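Shown next, in structure tokens, is the structure this report addresses.
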Amino acid sequence: MLTIACVLVIIPFTGVISTSIASPEAVAKAGGFVLIPDGINLDAYRAIFAGGVVSRAVRISIGVTVVGTAISLAVTTMLAYSLSRRGSVGQRPMLFLVLGAILFGPGMIPTYLVVRSLGLLDSYWALILPTAVSAFNVIVVRSFFMAIPQELIDSARVDGASEWRTFTRIVLPLSKAALAVIGLFYAVGYWNAFFTALLYMNDTSKWPLQLVLRTYVVDGSSLSTSQLSAMDGAFPPQQSIQMAILVVSVVPILIVYPFLQKHFAKGVLTGAVKG
């Protein structure tokens, strides 16, 4: 059953890659979806990376993902650390507030009104700030911080270390597994987010890659030559360009995941097992 499931996943993904690198003749002969290409033709990738709407969207998505993940990790870890230390100012009210945020979401319309009142429409900050902190991730990181022996914290205080120095020099280095997993969760969320851009971005020149993917691949809209770079010779088939955009949207996460895989099992089970 596992083999059958793997085949069912691999075949469509292979078809996507094959269509993106197939020649125009092979795409036309196969009716738009090539499973086994007759060669390697990279015109579709040259078209989307040499300039135009897709290459601009890739740069926007990379920037939003990097900046958003850094901000989210910083805020999440600092909030989780304060909630993990008994006796910190406002710990219990803030903890109940975070737990309440898991159960009761603000809703789409109130969030939109807040973003609009702050003047963030058509701003890249609208893609970052509304989703900067996940209450679930805060609870996960808090559980990991609470598992750190209190004796380490006490010894740092005896040596004269401040809370900030204890946090940065002791707690964070011991929490690489949790930070790697939470960072991956945030990065995937920012990279794959299109609904926030659909709500807050009216300027098409500021669209991230996933919104471009939805518009020109899922909705079936065609990319014109003015929206891509100038090509020498024949223009690549629309199917090849659409599949190339799809590959570009998937590959970065596939590249990052193997480097974090060793931390994934440990970090994702944080707080799930007591003992």
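As shown in the structure tokens, the chain order sets the letters A, B, ...; within each chain, residues go from 1, and ligands are also counted from 1 in the order they appear.
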### Task
Would you list the contacts of A:Gly31 as a PyMOL selection string, taking every protein, DNA or RNA residue within 10 Å and counting only C-alpha atoms, but skipping same-chain residues closer than 5 positions in sequence?
chain A and resi 25-26+239
Grab the residues selected above and save them as an mmCIF file, in the first residue's frame with N, CA and C atoms.
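Result saved to out16.cif:
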data_model
loop_
_atom_site.group_PDB
_atom_site.id
_atom_site.type_symbol
_atom_site.label_atom_id
_atom_site.label_comp_id
_atom_site.auth_asym_id
_atom_site.auth_seq_id
_atom_site.Cartn_x
_atom_site.Cartn_y
_atom_site.Cartn_z
ATOM 1 N N GLU A 25 7.173 20.485 -29.359
ATOM 2 C CA GLU A 25 6.568 19.412 -30.158
ATOM 3 C C GLU A 25 6.049 18.299 -29.268
ATOM 4 N N ALA A 26 6.835 17.926 -28.237
ATOM 5 C CA ALA A 26 6.397 16.858 -27.335
ATOM 6 C C ALA A 26 5.177 17.283 -26.527
ATOM 7 N N GLN A 239 1.700 25.494 -21.292
ATOM 8 C CA GLN A 239 1.750 24.378 -20.344
ATOM 9 C C GLN A 239 3.141 24.230 -19.734
#
### Distance query stretch 61-63 of chain A at most 9 Å, only C-alpha atoms, self and fewer than 6 positions along chain excluded, as a PyMOL selection string
chain A and resi 190-192+207-210
Output N, CA and C atoms of each residue in that selection to a file, as a compact mmCIF listing (two decimals), in the first residue's frame.
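And here is the file that came out, out.txt:
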# COMPACT_ATOMS: atom_id res chain seq x y z
N TYR A 190 4.87 31.15 5.16
CA TYR A 190 5.09 32.39 4.39
C TYR A 190 5.26 32.09 2.90
N TRP A 191 5.98 31.01 2.59
CA TRP A 191 6.23 30.71 1.18
C TRP A 191 4.95 30.30 0.46
N ASN A 192 4.09 29.55 1.12
CA ASN A 192 2.88 29.04 0.47
C ASN A 192 1.67 29.96 0.60
N TRP A 207 2.69 41.08 -6.17
CA TRP A 207 2.20 39.74 -5.91
C TRP A 207 3.35 38.79 -5.62
N PRO A 208 3.22 37.93 -4.58
CA PRO A 208 4.21 36.87 -4.36
C PRO A 208 4.00 35.72 -5.34
N LEU A 209 4.90 34.76 -5.28
CA LEU A 209 4.88 33.66 -6.25
C LEU A 209 3.61 32.83 -6.17
N GLN A 210 3.11 32.57 -4.98
CA GLN A 210 1.95 31.69 -4.85
C GLN A 210 0.70 32.31 -5.45
### Message
Need the shell around A:Leu129: protein/DNA/RNA residues with any atom at most 9 Å away, counting only C-alpha atoms. Skip same-chain ones fewer than 2 positions apart. Format as a ChimeraX atom specification?
### Response
/A:68,71-72,125-127,131-133
Same residues, all heavy atoms, saved as a PDB file, in the first residue's frame:
ATOM      1  N   GLY A  68      10.032  37.443   7.216  1.00  0.00           N
ATOM      2  CA  GLY A  68       8.931  36.990   8.056  1.00  0.00           C
ATOM      3  C   GLY A  68       9.340  35.882   9.012  1.00  0.00           C
ATOM      4  O   GLY A  68       8.952  35.894  10.188  1.00  0.00           O
ATOM      5  N   ILE A  71      11.447  37.399  11.877  1.00  0.00           N
ATOM      6  CA  ILE A  71      10.615  38.127  12.840  1.00  0.00           C
ATOM      7  C   ILE A  71       9.782  37.163  13.664  1.00  0.00           C
ATOM      8  O   ILE A  71       9.666  37.294  14.890  1.00  0.00           O
ATOM      9  CB  ILE A  71       9.716  39.139  12.097  1.00  0.00           C
ATOM     10  CG1 ILE A  71      10.570  40.256  11.483  1.00  0.00           C
ATOM     11  CG2 ILE A  71       8.673  39.728  13.034  1.00  0.00           C
ATOM     12  CD1 ILE A  71       9.788  41.240  10.648  1.00  0.00           C
ATOM     13  N   SER A  72       9.188  36.178  13.015  1.00  0.00           N
ATOM     14  CA  SER A  72       8.338  35.221  13.725  1.00  0.00           C
ATOM     15  C   SER A  72       9.124  34.422  14.749  1.00  0.00           C
ATOM     16  O   SER A  72       8.662  34.205  15.876  1.00  0.00           O
ATOM     17  CB  SER A  72       7.663  34.279  12.719  1.00  0.00           C
ATOM     18  OG  SER A  72       6.801  34.984  11.859  1.00  0.00           O
ATOM     19  N   TRP A 125       4.498  44.463   4.429  1.00  0.00           N
ATOM     20  CA  TRP A 125       4.289  44.142   5.842  1.00  0.00           C
ATOM     21  C   TRP A 125       2.939  43.475   6.052  1.00  0.00           C
ATOM     22  O   TRP A 125       2.747  42.752   7.040  1.00  0.00           O
ATOM     23  CB  TRP A 125       4.393  45.397   6.698  1.00  0.00           C
ATOM     24  CG  TRP A 125       5.781  45.927   6.790  1.00  0.00           C
ATOM     25  CD1 TRP A 125       6.261  47.099   6.267  1.00  0.00           C
ATOM     26  CD2 TRP A 125       6.903  45.305   7.430  1.00  0.00           C
ATOM     27  NE1 TRP A 125       7.599  47.237   6.547  1.00  0.00           N
ATOM     28  CE2 TRP A 125       8.017  46.154   7.261  1.00  0.00           C
ATOM     29  CE3 TRP A 125       7.074  44.117   8.136  1.00  0.00           C
ATOM     30  CZ2 TRP A 125       9.276  45.857   7.766  1.00  0.00           C
ATOM     31  CZ3 TRP A 125       8.319  43.803   8.646  1.00  0.00           C
ATOM     32  CH2 TRP A 125       9.406  44.663   8.455  1.00  0.00           C
ATOM     33  N   ALA A 126       1.998  43.695   5.153  1.00  0.00           N
ATOM     34  CA  ALA A 126       0.699  43.031   5.268  1.00  0.00           C
ATOM     35  C   ALA A 126       0.812  41.530   5.060  1.00  0.00           C
ATOM     36  O   ALA A 126      -0.062  40.770   5.490  1.00  0.00           O
ATOM     37  CB  ALA A 126      -0.293  43.619   4.251  1.00  0.00           C
ATOM     38  N   LEU A 127       1.888  41.077   4.416  1.00  0.00           N
ATOM     39  CA  LEU A 127       2.113  39.651   4.211  1.00  0.00           C
ATOM     40  C   LEU A 127       2.841  39.017   5.393  1.00  0.00           C
ATOM     41  O   LEU A 127       2.922  37.791   5.470  1.00  0.00           O
ATOM     42  CB  LEU A 127       2.937  39.420   2.938  1.00  0.00           C
ATOM     43  CG  LEU A 127       2.375  40.014   1.646  1.00  0.00           C
ATOM     44  CD1 LEU A 127       3.333  39.739   0.491  1.00  0.00           C
ATOM     45  CD2 LEU A 127       1.006  39.443   1.343  1.00  0.00           C
ATOM     46  N   THR A 131       0.371  37.389  10.340  1.00  0.00           N
ATOM     47  CA  THR A 131       0.645  35.981  10.655  1.00  0.00           C
ATOM     48  C   THR A 131       2.010  35.815  11.319  1.00  0.00           C
ATOM     49  O   THR A 131       2.600  34.738  11.263  1.00  0.00           O
ATOM     50  CB  THR A 131       0.589  35.128   9.381  1.00  0.00           C
ATOM     51  OG1 THR A 131       1.526  35.640   8.406  1.00  0.00           O
ATOM     52  CG2 THR A 131      -0.814  35.140   8.777  1.00  0.00           C
ATOM     53  N   ALA A 132       2.511  36.871  11.948  1.00  0.00           N
ATOM     54  CA  ALA A 132       3.870  36.833  12.492  1.00  0.00           C
ATOM     55  C   ALA A 132       4.005  35.877  13.671  1.00  0.00           C
ATOM     56  O   ALA A 132       5.064  35.287  13.869  1.00  0.00           O
ATOM     57  CB  ALA A 132       4.316  38.237  12.914  1.00  0.00           C
ATOM     58  N   VAL A 133       2.937  35.714  14.452  1.00  0.00           N
ATOM     59  CA  VAL A 133       3.008  34.871  15.646  1.00  0.00           C
ATOM     60  C   VAL A 133       1.896  33.835  15.586  1.00  0.00           C
ATOM     61  O   VAL A 133       0.735  34.181  15.368  1.00  0.00           O
ATOM     62  CB  VAL A 133       2.875  35.700  16.935  1.00  0.00           C
ATOM     63  CG1 VAL A 133       2.956  34.796  18.158  1.00  0.00           C
ATOM     64  CG2 VAL A 133       3.955  36.771  16.996  1.00  0.00           C
TER      65      VAL A 133
END
### Query
Quick one: of A:Ala187, A:Leu2, A:Ala180, A:Leu42, who's nearest to A:Ala22, counting only C-alpha atoms?
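Of the candidates, the smallest distance to A:Ala22 is held by A:Leu42.
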